[in-house]
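Novice: Quick one: the structure is below, and I'll ask about it shortly.
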Amino acid sequence: MTLDPRAMRALPVARPARDPRPGLSGIEPSQLEAWFAARGEPVYRAQQVEDALWRGTAGSADELLTLPAGLRAAIDEAFRFDSLTSTELSQANGGLTEKALHQLSDGALVESVLMHYPAAPGRRERHTLCISSQAGCAVGCPFCATGELGFTRDLETAEIVDQVRHAARRLALDGRRLTNVVFMGMGEPLLNLDAVLGAVQALADPRRFGLGARHVTVSTSGVVPGIRRLTALGPQFTLAVSLHAARDALRDVLVPINRRWPVAEVVDAARGHAAATGRRISYEVTMIGGINDTDADADALVALLRGDHAHVNLIPMNPVAHTPWQASPMPVIERFARRLREAGISTTIRRNRGQEIGAACGQLAAERAGEPPAPTVARRRERIVRESAAALRGERSHEPTPTEVGE
Ligand code: SAH
Ligand code: SF4
């Protein structure tokens, strides 16, 4: 008997327990050295493991053939060499985009998306990986496939880093190297900040992954205390802020944590970040037809950002199930961009990539979860239409701030 996916979604799923062994890629080299020292092993053993972890092709401790078998078994007992238990790959866009659906030890699913940008005149080829920081997301933006899934759990540092190691190993098979990492996959990185910072450090450390800090972008929906914490740490990476609307009433609906940290506070924190680090802020606006793409929206954005050290990316919304919304037509996006540029705000339209970056993330996991029952979809659509109509009349939302967002 085949089960209807809608029925499967409603069934309580027995999930395996999480593997308690720490993931090796989330461990500082000094901690690993201490582990070997405690076992009376020479320090160079730790270096052998680090080399295999960051530069090798081994997928498990068993394959570390430079180490004696007893030591391999001890490593396997104490640590997870790879925290991704399985990965399914699929290609899109004529092979320029590779989507990976990773399963974690407890069965949770997360996605990463590898995008290849061929060399162009004056520009070297780039390979950018979009990674997830959480399984699901508590913020619940209505146009986002991950938001629709809800929150499952935070990822550990190793689970974040291993998405990058997986892509790097795949690229290495063709003699290519990963050039950029963006936290634009599933989850809100600043609501899992300790694990994300651990991952950023591992990625930037020349002894470990060795990717320059300038090649990492962290995208946030506007967690103000998180932005301020990052500012105190200095210029570790590029900060992208998902703005979507400059007016609170509409942003309350499009990015529900706006009810806790309103747009002026978010931009103020981002401005503070740009001033302290000297790094330009990227603002992302997902363009949704008839919702946030009018002249009044463009003018509100101009009023908010005029004179800032900022760049705006306009991304046509990638249609997702359970919303009645579509991307704004390209002429509307072009008109919006013109209004921003005329006010001196540097602006880019991300024409096709909208379907490949974060926009694509969450969709494989959502498909896997199956369609929710039709009445649920209908109720959800009705609520989105009602809330956005009220927002467009300028009324603030009375809905509570999403739970699990924290202080
Ligand atoms: N939670 C963080 C990072 C992950 S989302 C954040 O919101 O910034 C990464 C980006 O993908 C965000 O800018 C988000 O608004 C965008 N996005 C999500 N769903 C989309 C869709 N259906 N179409 C276009 N962009 C989308
Ligand atoms: Fe979460 Fe970002 Fe999706 Fe909003 S857009 S639900 S913050 S992942």
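Each chain in the structure tokens gets a letter, A, B and so on, in the order shown; residues start at 1 in every chain, and ligands are counted from 1 in the order they appear.
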Can you tell me which residues sit at most 6 Å away from ligand 2, counting only C-alpha atoms and all ligand atoms, written as JSON, numbers by chain?
Specialist: {"A": [137, 139, 140, 141, 144, 146, 147, 186, 187, 188, 221]}
Novice: Residues of the last selection are to be written out with N, CA and C atoms, as a compact mmCIF listing (two decimals), in the first residue's frame.
Specialist:
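Ended up saving to part.txt:
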# COMPACT_ATOMS: atom_id res chain seq x y z
N CYS A 137 12.57 26.89 10.37
CA CYS A 137 12.81 28.26 10.84
C CYS A 137 11.58 28.73 11.61
N VAL A 139 10.86 31.90 12.21
CA VAL A 139 10.43 33.27 11.88
C VAL A 139 9.12 33.25 11.08
N GLY A 140 8.99 32.29 10.16
CA GLY A 140 7.69 32.09 9.52
C GLY A 140 7.32 33.12 8.46
N CYS A 141 8.28 33.59 7.66
CA CYS A 141 7.94 34.51 6.56
C CYS A 141 7.01 33.76 5.59
N CYS A 144 8.19 32.04 2.20
CA CYS A 144 9.39 31.19 2.25
C CYS A 144 9.00 29.74 2.55
N THR A 146 10.81 27.39 3.79
CA THR A 146 11.29 26.96 5.10
C THR A 146 10.37 27.47 6.20
N GLY A 147 9.93 28.73 6.04
CA GLY A 147 9.04 29.31 7.03
C GLY A 147 7.77 28.50 7.17
N MET A 186 18.26 27.22 4.82
CA MET A 186 17.17 27.12 5.80
C MET A 186 17.62 27.73 7.13
N GLY A 187 16.70 28.43 7.76
CA GLY A 187 16.96 28.90 9.13
C GLY A 187 17.40 30.33 9.24
N GLU A 188 17.31 30.85 10.46
CA GLU A 188 17.73 32.22 10.76
C GLU A 188 19.07 32.14 11.51
N SER A 221 17.04 38.01 9.01
CA SER A 221 15.73 38.64 8.85
C SER A 221 15.58 39.82 9.79
Novice: Applying 10 Å and only C-alpha atoms, which residues near Phe209 in chain A remain after dropping the ones on its own chain fewer than 4 positions away? List them as a ChimeraX atom specification.
Specialist: /A:25,50-51,53-55,161,164-165,168,199-205
Novice: Save out the residues we just selected, N, CA and C atoms, as a short mmCIF file (atom, residue, chain, number, x, y, z; two decimals), in the first residue's frame.
Specialist:
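The file below, part_6.cif, is the result:
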data_model
loop_
_atom_site.label_atom_id
_atom_site.label_comp_id
_atom_site.auth_asym_id
_atom_site.auth_seq_id
_atom_site.Cartn_x
_atom_site.Cartn_y
_atom_site.Cartn_z
N SER A 25 34.40 18.26 12.74
CA SER A 25 34.67 19.56 12.12
C SER A 25 34.20 20.73 12.98
N GLU A 50 43.25 16.28 11.09
CA GLU A 50 42.84 17.60 10.55
C GLU A 50 43.06 17.64 9.03
N ASP A 51 44.18 17.12 8.58
CA ASP A 51 44.46 17.14 7.12
C ASP A 51 43.38 16.37 6.37
N LEU A 53 40.40 15.72 7.37
CA LEU A 53 39.10 16.38 7.54
C LEU A 53 38.94 17.55 6.57
N TRP A 54 39.97 18.36 6.46
CA TRP A 54 39.85 19.62 5.70
C TRP A 54 40.34 19.51 4.28
N ARG A 55 41.25 18.57 4.01
CA ARG A 55 41.79 18.53 2.65
C ARG A 55 41.66 17.17 1.97
N VAL A 161 29.22 23.17 9.09
CA VAL A 161 30.50 23.09 8.38
C VAL A 161 30.50 21.90 7.40
N VAL A 164 29.55 22.43 3.92
CA VAL A 164 30.61 23.07 3.13
C VAL A 164 31.66 22.03 2.72
N ARG A 165 32.02 21.15 3.66
CA ARG A 165 33.01 20.11 3.32
C ARG A 165 32.46 19.21 2.22
N ALA A 168 32.79 21.03 -1.04
CA ALA A 168 34.22 21.19 -1.40
C ALA A 168 34.78 19.87 -1.93
N ALA A 199 31.10 27.97 13.14
CA ALA A 199 31.27 27.53 11.75
C ALA A 199 32.06 28.56 10.95
N VAL A 200 31.75 29.84 11.16
CA VAL A 200 32.46 30.89 10.41
C VAL A 200 33.95 30.85 10.76
N GLN A 201 34.26 30.63 12.05
CA GLN A 201 35.67 30.56 12.45
C GLN A 201 36.37 29.38 11.79
N ALA A 202 35.70 28.23 11.77
CA ALA A 202 36.30 27.04 11.14
C ALA A 202 36.52 27.28 9.65
N LEU A 203 35.58 27.97 9.01
CA LEU A 203 35.70 28.20 7.57
C LEU A 203 36.81 29.19 7.27
N ALA A 204 36.98 30.19 8.16
CA ALA A 204 37.97 31.24 7.89
C ALA A 204 39.39 30.81 8.29
N ASP A 205 39.52 29.91 9.25
CA ASP A 205 40.82 29.53 9.81
C ASP A 205 41.71 28.89 8.74
#
Novice: Got a sec to check which residues lie within 8 Å of ligand 1, using only C-alpha atoms and all ligand atoms, and send them as a PDB file with N, CA and C atoms, in the first residue's frame?
Specialist:
ATOM      1  N   SER A 132      22.513  25.980   5.209  1.00  0.00           N
ATOM      2  CA  SER A 132      21.463  26.089   6.224  1.00  0.00           C
ATOM      3  C   SER A 132      22.081  26.186   7.611  1.00  0.00           C
ATOM      4  N   CYS A 137      12.569  26.889  10.370  1.00  0.00           N
ATOM      5  CA  CYS A 137      12.808  28.258  10.837  1.00  0.00           C
ATOM      6  C   CYS A 137      11.584  28.726  11.606  1.00  0.00           C
ATOM      7  N   VAL A 139      10.855  31.900  12.212  1.00  0.00           N
ATOM      8  CA  VAL A 139      10.426  33.267  11.879  1.00  0.00           C
ATOM      9  C   VAL A 139       9.124  33.253  11.081  1.00  0.00           C
ATOM     10  N   CYS A 141       8.283  33.592   7.662  1.00  0.00           N
ATOM     11  CA  CYS A 141       7.938  34.509   6.564  1.00  0.00           C
ATOM     12  C   CYS A 141       7.015  33.760   5.594  1.00  0.00           C
ATOM     13  N   PHE A 143       6.262  33.896   2.466  1.00  0.00           N
ATOM     14  CA  PHE A 143       6.662  33.591   1.085  1.00  0.00           C
ATOM     15  C   PHE A 143       7.780  32.562   1.031  1.00  0.00           C
ATOM     16  N   CYS A 144       8.192  32.037   2.199  1.00  0.00           N
ATOM     17  CA  CYS A 144       9.392  31.188   2.254  1.00  0.00           C
ATOM     18  C   CYS A 144       9.000  29.742   2.547  1.00  0.00           C
ATOM     19  N   ALA A 145       9.551  28.817   1.755  1.00  0.00           N
ATOM     20  CA  ALA A 145       9.216  27.395   1.929  1.00  0.00           C
ATOM     21  C   ALA A 145       9.662  26.891   3.299  1.00  0.00           C
ATOM     22  N   THR A 146      10.809  27.392   3.787  1.00  0.00           N
ATOM     23  CA  THR A 146      11.291  26.955   5.103  1.00  0.00           C
ATOM     24  C   THR A 146      10.368  27.473   6.202  1.00  0.00           C
ATOM     25  N   PHE A 183      25.067  32.224   4.071  1.00  0.00           N
ATOM     26  CA  PHE A 183      24.078  31.630   4.986  1.00  0.00           C
ATOM     27  C   PHE A 183      22.704  32.110   4.536  1.00  0.00           C
ATOM     28  N   MET A 184      22.226  31.552   3.423  1.00  0.00           N
ATOM     29  CA  MET A 184      20.914  31.941   2.902  1.00  0.00           C
ATOM     30  C   MET A 184      20.047  30.717   2.662  1.00  0.00           C
ATOM     31  N   GLY A 185      20.396  29.626   3.344  1.00  0.00           N
ATOM     32  CA  GLY A 185      19.606  28.417   3.214  1.00  0.00           C
ATOM     33  C   GLY A 185      18.508  28.394   4.268  1.00  0.00           C
ATOM     34  N   MET A 186      18.258  27.219   4.816  1.00  0.00           N
ATOM     35  CA  MET A 186      17.175  27.117   5.804  1.00  0.00           C
ATOM     36  C   MET A 186      17.624  27.726   7.128  1.00  0.00           C
ATOM     37  N   GLY A 187      16.698  28.435   7.764  1.00  0.00           N
ATOM     38  CA  GLY A 187      16.959  28.897   9.131  1.00  0.00           C
ATOM     39  C   GLY A 187      17.399  30.335   9.237  1.00  0.00           C
ATOM     40  N   GLU A 188      17.314  30.846  10.462  1.00  0.00           N
ATOM     41  CA  GLU A 188      17.730  32.216  10.759  1.00  0.00           C
ATOM     42  C   GLU A 188      19.070  32.135  11.512  1.00  0.00           C
ATOM     43  N   PRO A 189      20.174  32.457  10.833  1.00  0.00           N
ATOM     44  CA  PRO A 189      21.491  32.245  11.441  1.00  0.00           C
ATOM     45  C   PRO A 189      21.687  32.982  12.767  1.00  0.00           C
ATOM     46  N   VAL A 218      26.498  36.415   5.813  1.00  0.00           N
ATOM     47  CA  VAL A 218      25.461  35.932   6.719  1.00  0.00           C
ATOM     48  C   VAL A 218      24.222  36.796   6.504  1.00  0.00           C
ATOM     49  N   SER A 219      23.107  36.137   6.247  1.00  0.00           N
ATOM     50  CA  SER A 219      21.855  36.852   5.957  1.00  0.00           C
ATOM     51  C   SER A 219      20.916  36.724   7.153  1.00  0.00           C
ATOM     52  N   THR A 220      20.336  37.845   7.567  1.00  0.00           N
ATOM     53  CA  THR A 220      19.407  37.800   8.703  1.00  0.00           C
ATOM     54  C   THR A 220      18.090  38.486   8.364  1.00  0.00           C
ATOM     55  N   SER A 221      17.041  38.011   9.007  1.00  0.00           N
ATOM     56  CA  SER A 221      15.726  38.635   8.848  1.00  0.00           C
ATOM     57  C   SER A 221      15.581  39.822   9.794  1.00  0.00           C
ATOM     58  N   GLY A 222      16.641  40.108  10.595  1.00  0.00           N
ATOM     59  CA  GLY A 222      16.603  41.310  11.421  1.00  0.00           C
ATOM     60  C   GLY A 222      16.577  41.052  12.917  1.00  0.00           C
ATOM     61  N   ALA A 240      24.056  40.552   5.319  1.00  0.00           N
ATOM     62  CA  ALA A 240      22.915  40.827   4.434  1.00  0.00           C
ATOM     63  C   ALA A 240      21.666  40.884   5.310  1.00  0.00           C
ATOM     64  N   VAL A 241      20.822  41.858   5.066  1.00  0.00           N
ATOM     65  CA  VAL A 241      19.591  42.001   5.849  1.00  0.00           C
ATOM     66  C   VAL A 241      18.406  41.816   4.906  1.00  0.00           C
ATOM     67  N   SER A 242      17.519  40.896   5.267  1.00  0.00           N
ATOM     68  CA  SER A 242      16.322  40.649   4.448  1.00  0.00           C
ATOM     69  C   SER A 242      15.275  41.665   4.845  1.00  0.00           C
ATOM     70  N   LEU A 243      15.117  42.683   4.023  1.00  0.00           N
ATOM     71  CA  LEU A 243      14.261  43.805   4.397  1.00  0.00           C
ATOM     72  C   LEU A 243      12.812  43.579   3.921  1.00  0.00           C
ATOM     73  N   HIS A 244      12.654  43.387   2.618  1.00  0.00           N
ATOM     74  CA  HIS A 244      11.355  43.085   1.973  1.00  0.00           C
ATOM     75  C   HIS A 244      10.328  44.205   2.026  1.00  0.00           C
ATOM     76  N   GLU A 284      18.241  42.775   1.115  1.00  0.00           N
ATOM     77  CA  GLU A 284      17.541  41.920   0.155  1.00  0.00           C
ATOM     78  C   GLU A 284      16.052  42.282   0.155  1.00  0.00           C
ATOM     79  N   VAL A 285      15.487  42.387  -1.029  1.00  0.00           N
ATOM     80  CA  VAL A 285      14.040  42.608  -1.129  1.00  0.00           C
ATOM     81  C   VAL A 285      13.480  41.567  -2.098  1.00  0.00           C
ATOM     82  N   THR A 286      12.683  40.643  -1.585  1.00  0.00           N
ATOM     83  CA  THR A 286      12.000  39.672  -2.429  1.00  0.00           C
ATOM     84  C   THR A 286      10.783  40.368  -3.022  1.00  0.00           C
ATOM     85  N   MET A 287      10.721  40.443  -4.348  1.00  0.00           N
ATOM     86  CA  MET A 287       9.686  41.258  -5.011  1.00  0.00           C
ATOM     87  C   MET A 287       8.426  40.430  -5.245  1.00  0.00           C
ATOM     88  N   ILE A 315      15.061  40.661  -5.682  1.00  0.00           N
ATOM     89  CA  ILE A 315      14.989  39.255  -6.097  1.00  0.00           C
ATOM     90  C   ILE A 315      13.538  38.905  -6.399  1.00  0.00           C
ATOM     91  N   PRO A 316      13.220  38.547  -7.669  1.00  0.00           N
ATOM     92  CA  PRO A 316      11.838  38.152  -7.955  1.00  0.00           C
ATOM     93  C   PRO A 316      11.451  36.972  -7.067  1.00  0.00           C
ATOM     94  N   MET A 317      10.303  37.042  -6.434  1.00  0.00           N
ATOM     95  CA  MET A 317       9.880  35.947  -5.559  1.00  0.00           C
ATOM     96  C   MET A 317       9.767  34.640  -6.342  1.00  0.00           C
ATOM     97  N   ASN A 318      10.327  33.610  -5.746  1.00  0.00           N
ATOM     98  CA  ASN A 318      10.179  32.282  -6.321  1.00  0.00           C
ATOM     99  C   ASN A 318       8.865  31.723  -5.789  1.00  0.00           C
ATOM    100  N   PRO A 319       7.915  31.397  -6.667  1.00  0.00           N
ATOM    101  CA  PRO A 319       6.610  30.965  -6.141  1.00  0.00           C
ATOM    102  C   PRO A 319       6.744  29.730  -5.267  1.00  0.00           C
ATOM    103  N   VAL A 320       6.080  29.733  -4.137  1.00  0.00           N
ATOM    104  CA  VAL A 320       6.074  28.552  -3.269  1.00  0.00           C
ATOM    105  C   VAL A 320       4.625  28.134  -3.053  1.00  0.00           C
ATOM    106  N   ALA A 327       5.844  36.356  -8.326  1.00  0.00           N
ATOM    107  CA  ALA A 327       6.890  37.378  -8.486  1.00  0.00           C
ATOM    108  C   ALA A 327       6.309  38.622  -9.153  1.00  0.00           C
ATOM    109  N   GLY A 354      17.160  34.179  -8.203  1.00  0.00           N
ATOM    110  CA  GLY A 354      16.142  34.090  -7.162  1.00  0.00           C
ATOM    111  C   GLY A 354      15.678  32.664  -6.959  1.00  0.00           C
ATOM    112  N   GLN A 355      15.676  31.926  -8.063  1.00  0.00           N
ATOM    113  CA  GLN A 355      15.200  30.553  -7.945  1.00  0.00           C
ATOM    114  C   GLN A 355      16.271  29.619  -7.412  1.00  0.00           C
ATOM    115  N   ILE A 357      19.100  30.744  -5.088  1.00  0.00           N
ATOM    116  CA  ILE A 357      19.678  31.011  -3.776  1.00  0.00           C
ATOM    117  C   ILE A 357      18.737  30.563  -2.686  1.00  0.00           C
ATOM    118  N   GLY A 358      18.685  31.299  -1.581  1.00  0.00           N
ATOM    119  CA  GLY A 358      17.833  30.910  -0.471  1.00  0.00           C
ATOM    120  C   GLY A 358      16.437  30.577  -0.933  1.00  0.00           C
ATOM    121  N   ALA A 359      16.025  31.244  -2.030  1.00  0.00           N
ATOM    122  CA  ALA A 359      14.687  31.021  -2.556  1.00  0.00           C
ATOM    123  C   ALA A 359      14.419  29.553  -2.818  1.00  0.00           C
ATOM    124  N   ALA A 360      15.450  28.836  -3.209  1.00  0.00           N
ATOM    125  CA  ALA A 360      15.253  27.419  -3.505  1.00  0.00           C
ATOM    126  C   ALA A 360      15.358  26.585  -2.234  1.00  0.00           C
ATOM    127  N   CYS A 361      16.008  27.157  -1.226  1.00  0.00           N
ATOM    128  CA  CYS A 361      16.265  26.379  -0.028  1.00  0.00           C
ATOM    129  C   CYS A 361      14.980  26.173   0.754  1.00  0.00           C
TER     130      CYS A 361
END
Novice: Between A:Leu305, A:Leu24, A:Leu96, A:Leu65, single out the one closest to Pro118 in chain A, counting only C-alpha atoms.
Specialist: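 Checking each of A:Leu305, A:Leu24, A:Leu96, A:Leu65 against Pro118 in chain A, counting only C-alpha atoms, the winner is A:Leu96.
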Novice: If you count only C-alpha atoms, which residues fall within 7 Å of Arg21 in chain A, apart from same-chain ones fewer than 5 positions away, as a compact mmCIF listing (two decimals) with C-alpha atoms, in the first residue's frame?
Specialist:
# COMPACT_ATOMS: atom_id res chain seq x y z
CA ALA A 78 34.46 9.38 20.30
CA PHE A 79 33.54 11.55 17.29
CA ARG A 80 31.51 11.74 14.10
Novice: If I take CA of Ile291 in chain A and CA of Gly344 in chain A, how far is one from the other in Å, to one decimal?
Specialist: 23.9 Å
Novice: Show me, as a PDB file with N, CA, C and O atoms, in the first residue's frame, the residues that have an atom within 8 Å of range 292-303 of chain A when counting only C-alpha atoms, minus same-chain residues fewer than 3 positions from it.
Specialist:
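Once everything was written out, this is selection-v5.pdb:
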ATOM      1  N   HIS A 244      12.654  43.387   2.618  1.00  0.00           N
ATOM      2  CA  HIS A 244      11.355  43.085   1.973  1.00  0.00           C
ATOM      3  C   HIS A 244      10.328  44.205   2.026  1.00  0.00           C
ATOM      4  O   HIS A 244       9.495  44.303   1.138  1.00  0.00           O
ATOM      5  N   ALA A 245      10.350  45.024   3.069  1.00  0.00           N
ATOM      6  CA  ALA A 245       9.430  46.158   3.131  1.00  0.00           C
ATOM      7  C   ALA A 245      10.026  47.183   4.076  1.00  0.00           C
ATOM      8  O   ALA A 245      10.669  46.823   5.070  1.00  0.00           O
ATOM      9  N   ALA A 246       9.820  48.462   3.754  1.00  0.00           N
ATOM     10  CA  ALA A 246      10.359  49.529   4.597  1.00  0.00           C
ATOM     11  C   ALA A 246       9.318  50.030   5.578  1.00  0.00           C
ATOM     12  O   ALA A 246       9.628  50.802   6.476  1.00  0.00           O
ATOM     13  N   ARG A 247       8.055  49.607   5.373  1.00  0.00           N
ATOM     14  CA  ARG A 247       6.988  50.081   6.261  1.00  0.00           C
ATOM     15  C   ARG A 247       6.612  48.974   7.230  1.00  0.00           C
ATOM     16  O   ARG A 247       6.433  47.817   6.829  1.00  0.00           O
ATOM     17  N   LEU A 250       3.508  46.415   6.718  1.00  0.00           N
ATOM     18  CA  LEU A 250       3.704  45.341   5.742  1.00  0.00           C
ATOM     19  C   LEU A 250       4.809  44.380   6.196  1.00  0.00           C
ATOM     20  O   LEU A 250       4.696  43.163   6.057  1.00  0.00           O
ATOM     21  N   MET A 287      10.721  40.443  -4.348  1.00  0.00           N
ATOM     22  CA  MET A 287       9.686  41.258  -5.011  1.00  0.00           C
ATOM     23  C   MET A 287       8.426  40.430  -5.245  1.00  0.00           C
ATOM     24  O   MET A 287       8.433  39.456  -6.014  1.00  0.00           O
ATOM     25  N   ILE A 288       7.336  40.817  -4.571  1.00  0.00           N
ATOM     26  CA  ILE A 288       6.082  40.067  -4.615  1.00  0.00           C
ATOM     27  C   ILE A 288       5.029  40.938  -5.307  1.00  0.00           C
ATOM     28  O   ILE A 288       4.744  42.057  -4.841  1.00  0.00           O
ATOM     29  N   GLY A 289       4.483  40.402  -6.413  1.00  0.00           N
ATOM     30  CA  GLY A 289       3.569  41.187  -7.249  1.00  0.00           C
ATOM     31  C   GLY A 289       2.402  41.791  -6.467  1.00  0.00           C
ATOM     32  O   GLY A 289       1.661  41.062  -5.797  1.00  0.00           O
ATOM     33  N   ARG A 306      18.511  56.282   2.313  1.00  0.00           N
ATOM     34  CA  ARG A 306      19.236  57.329   1.588  1.00  0.00           C
ATOM     35  C   ARG A 306      20.521  57.721   2.346  1.00  0.00           C
ATOM     36  O   ARG A 306      20.495  57.932   3.547  1.00  0.00           O
ATOM     37  N   SER A 328       6.853  39.780  -8.817  1.00  0.00           N
ATOM     38  CA  SER A 328       6.492  41.004  -9.547  1.00  0.00           C
ATOM     39  C   SER A 328       6.953  40.849 -10.988  1.00  0.00           C
ATOM     40  O   SER A 328       8.011  40.265 -11.245  1.00  0.00           O
ATOM     41  N   VAL A 332       8.020  45.950 -13.620  1.00  0.00           N
ATOM     42  CA  VAL A 332       7.729  46.574 -12.318  1.00  0.00           C
ATOM     43  C   VAL A 332       9.013  46.604 -11.472  1.00  0.00           C
ATOM     44  O   VAL A 332       9.335  47.603 -10.811  1.00  0.00           O
ATOM     45  N   ILE A 333       9.771  45.504 -11.523  1.00  0.00           N
ATOM     46  CA  ILE A 333      11.020  45.455 -10.747  1.00  0.00           C
ATOM     47  C   ILE A 333      12.006  46.489 -11.308  1.00  0.00           C
ATOM     48  O   ILE A 333      12.689  47.193 -10.552  1.00  0.00           O
ATOM     49  N   PHE A 336      11.059  49.890 -10.097  1.00  0.00           N
ATOM     50  CA  PHE A 336      11.404  49.999  -8.669  1.00  0.00           C
ATOM     51  C   PHE A 336      12.907  50.296  -8.534  1.00  0.00           C
ATOM     52  O   PHE A 336      13.326  51.194  -7.799  1.00  0.00           O
ATOM     53  N   ARG A 339      13.856  53.865  -9.452  1.00  0.00           N
ATOM     54  CA  ARG A 339      13.524  54.850  -8.405  1.00  0.00           C
ATOM     55  C   ARG A 339      14.591  54.855  -7.315  1.00  0.00           C
ATOM     56  O   ARG A 339      14.952  55.906  -6.797  1.00  0.00           O
ATOM     57  N   LEU A 340      15.095  53.665  -6.980  1.00  0.00           N
ATOM     58  CA  LEU A 340      16.143  53.596  -5.953  1.00  0.00           C
ATOM     59  C   LEU A 340      17.436  54.221  -6.478  1.00  0.00           C
ATOM     60  O   LEU A 340      18.082  55.017  -5.800  1.00  0.00           O
ATOM     61  N   ALA A 343      17.686  57.875  -6.597  1.00  0.00           N
ATOM     62  CA  ALA A 343      17.909  58.476  -5.271  1.00  0.00           C
ATOM     63  C   ALA A 343      19.323  58.171  -4.768  1.00  0.00           C
ATOM     64  O   ALA A 343      19.638  58.427  -3.601  1.00  0.00           O
ATOM     65  N   ILE A 345      20.830  55.147  -4.534  1.00  0.00           N
ATOM     66  CA  ILE A 345      21.015  53.868  -3.814  1.00  0.00           C
ATOM     67  C   ILE A 345      21.454  52.797  -4.802  1.00  0.00           C
ATOM     68  O   ILE A 345      20.742  52.518  -5.777  1.00  0.00           O
TER      69      ILE A 345
END
Novice: Can you list, as a PyMOL selection string, every residue of range 255-325 of chain A that DSSP puts in strand (DSSP E or B)?
Specialist: chain A and resi 281-288+310-316
Novice: Let's have the selection written as a PDB file, in the first residue's frame, with C-alpha atoms.
Specialist:
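What landed in result31.pdb:
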ATOM      1  CA  ILE A 281      25.416  46.206   4.124  1.00  0.00           C
ATOM      2  CA  SER A 282      23.429  44.220   1.526  1.00  0.00           C
ATOM      3  CA  TYR A 283      19.679  44.594   1.782  1.00  0.00           C
ATOM      4  CA  GLU A 284      17.541  41.920   0.155  1.00  0.00           C
ATOM      5  CA  VAL A 285      14.040  42.608  -1.129  1.00  0.00           C
ATOM      6  CA  THR A 286      12.000  39.672  -2.429  1.00  0.00           C
ATOM      7  CA  MET A 287       9.686  41.258  -5.011  1.00  0.00           C
ATOM      8  CA  ILE A 288       6.082  40.067  -4.615  1.00  0.00           C
ATOM      9  CA  ALA A 310      24.367  50.009   1.477  1.00  0.00           C
ATOM     10  CA  HIS A 311      23.470  47.964  -1.570  1.00  0.00           C
ATOM     11  CA  VAL A 312      19.999  46.687  -2.426  1.00  0.00           C
ATOM     12  CA  ASN A 313      19.337  43.364  -4.188  1.00  0.00           C
ATOM     13  CA  LEU A 314      15.905  42.941  -5.735  1.00  0.00           C
ATOM     14  CA  ILE A 315      14.989  39.255  -6.097  1.00  0.00           C
ATOM     15  CA  PRO A 316      11.838  38.152  -7.955  1.00  0.00           C
TER      16      PRO A 316
END
Novice: What gap, in Å, lies between CA of Pro22 in chain A and CA of Arg153 in chain A?
Specialist: 16.4 Å
Novice: Would you work out the distance separating CA of Leu67 in chain A from CA of Gly23 in chain A, expressed in Å to one decimal?
Specialist: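 Computing it gives 18.7 Å between the two atoms.
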Novice: Taking 6 positions as the minimum chain separation for residues in the same chain, which residues sit within 10 Å of Thr152 in chain A when counting only C-alpha atoms? Answer as a list in words.
Specialist: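 Residues near the query, excluding close chain neighbours: Ala108, Leu109, Gln134, Ala135, Gly136, Cys137, Ala138 and Gly187 of chain A.
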Novice: With N, CA, C and O atoms retained, write the just-selected residues as a PDB file, in the first residue's frame.
Specialist:
ATOM      1  N   ALA A 108      16.566  14.678  10.725  1.00  0.00           N
ATOM      2  CA  ALA A 108      16.195  16.020  10.256  1.00  0.00           C
ATOM      3  C   ALA A 108      16.816  16.251   8.875  1.00  0.00           C
ATOM      4  O   ALA A 108      17.908  15.745   8.575  1.00  0.00           O
ATOM      5  N   LEU A 109      16.104  17.017   8.031  1.00  0.00           N
ATOM      6  CA  LEU A 109      16.571  17.287   6.662  1.00  0.00           C
ATOM      7  C   LEU A 109      16.949  18.750   6.527  1.00  0.00           C
ATOM      8  O   LEU A 109      16.200  19.634   6.964  1.00  0.00           O
ATOM      9  N   GLN A 134      19.716  26.160  10.432  1.00  0.00           N
ATOM     10  CA  GLN A 134      18.731  25.489  11.291  1.00  0.00           C
ATOM     11  C   GLN A 134      17.926  24.524  10.423  1.00  0.00           C
ATOM     12  O   GLN A 134      17.826  24.727   9.203  1.00  0.00           O
ATOM     13  N   ALA A 135      17.345  23.498  11.039  1.00  0.00           N
ATOM     14  CA  ALA A 135      16.366  22.675  10.325  1.00  0.00           C
ATOM     15  C   ALA A 135      15.034  23.366  10.544  1.00  0.00           C
ATOM     16  O   ALA A 135      14.563  23.480  11.671  1.00  0.00           O
ATOM     17  N   GLY A 136      14.441  23.887   9.466  1.00  0.00           N
ATOM     18  CA  GLY A 136      13.235  24.711   9.579  1.00  0.00           C
ATOM     19  C   GLY A 136      13.591  26.107  10.053  1.00  0.00           C
ATOM     20  O   GLY A 136      14.768  26.471  10.134  1.00  0.00           O
ATOM     21  N   CYS A 137      12.569  26.889  10.370  1.00  0.00           N
ATOM     22  CA  CYS A 137      12.808  28.258  10.837  1.00  0.00           C
ATOM     23  C   CYS A 137      11.584  28.726  11.606  1.00  0.00           C
ATOM     24  O   CYS A 137      10.446  28.476  11.201  1.00  0.00           O
ATOM     25  N   ALA A 138      11.845  29.421  12.726  1.00  0.00           N
ATOM     26  CA  ALA A 138      10.742  29.878  13.576  1.00  0.00           C
ATOM     27  C   ALA A 138      10.162  31.207  13.120  1.00  0.00           C
ATOM     28  O   ALA A 138       9.106  31.612  13.602  1.00  0.00           O
ATOM     29  N   GLY A 187      16.698  28.435   7.764  1.00  0.00           N
ATOM     30  CA  GLY A 187      16.959  28.897   9.131  1.00  0.00           C
ATOM     31  C   GLY A 187      17.399  30.335   9.237  1.00  0.00           C
ATOM     32  O   GLY A 187      17.778  30.971   8.260  1.00  0.00           O
TER      33      GLY A 187
END
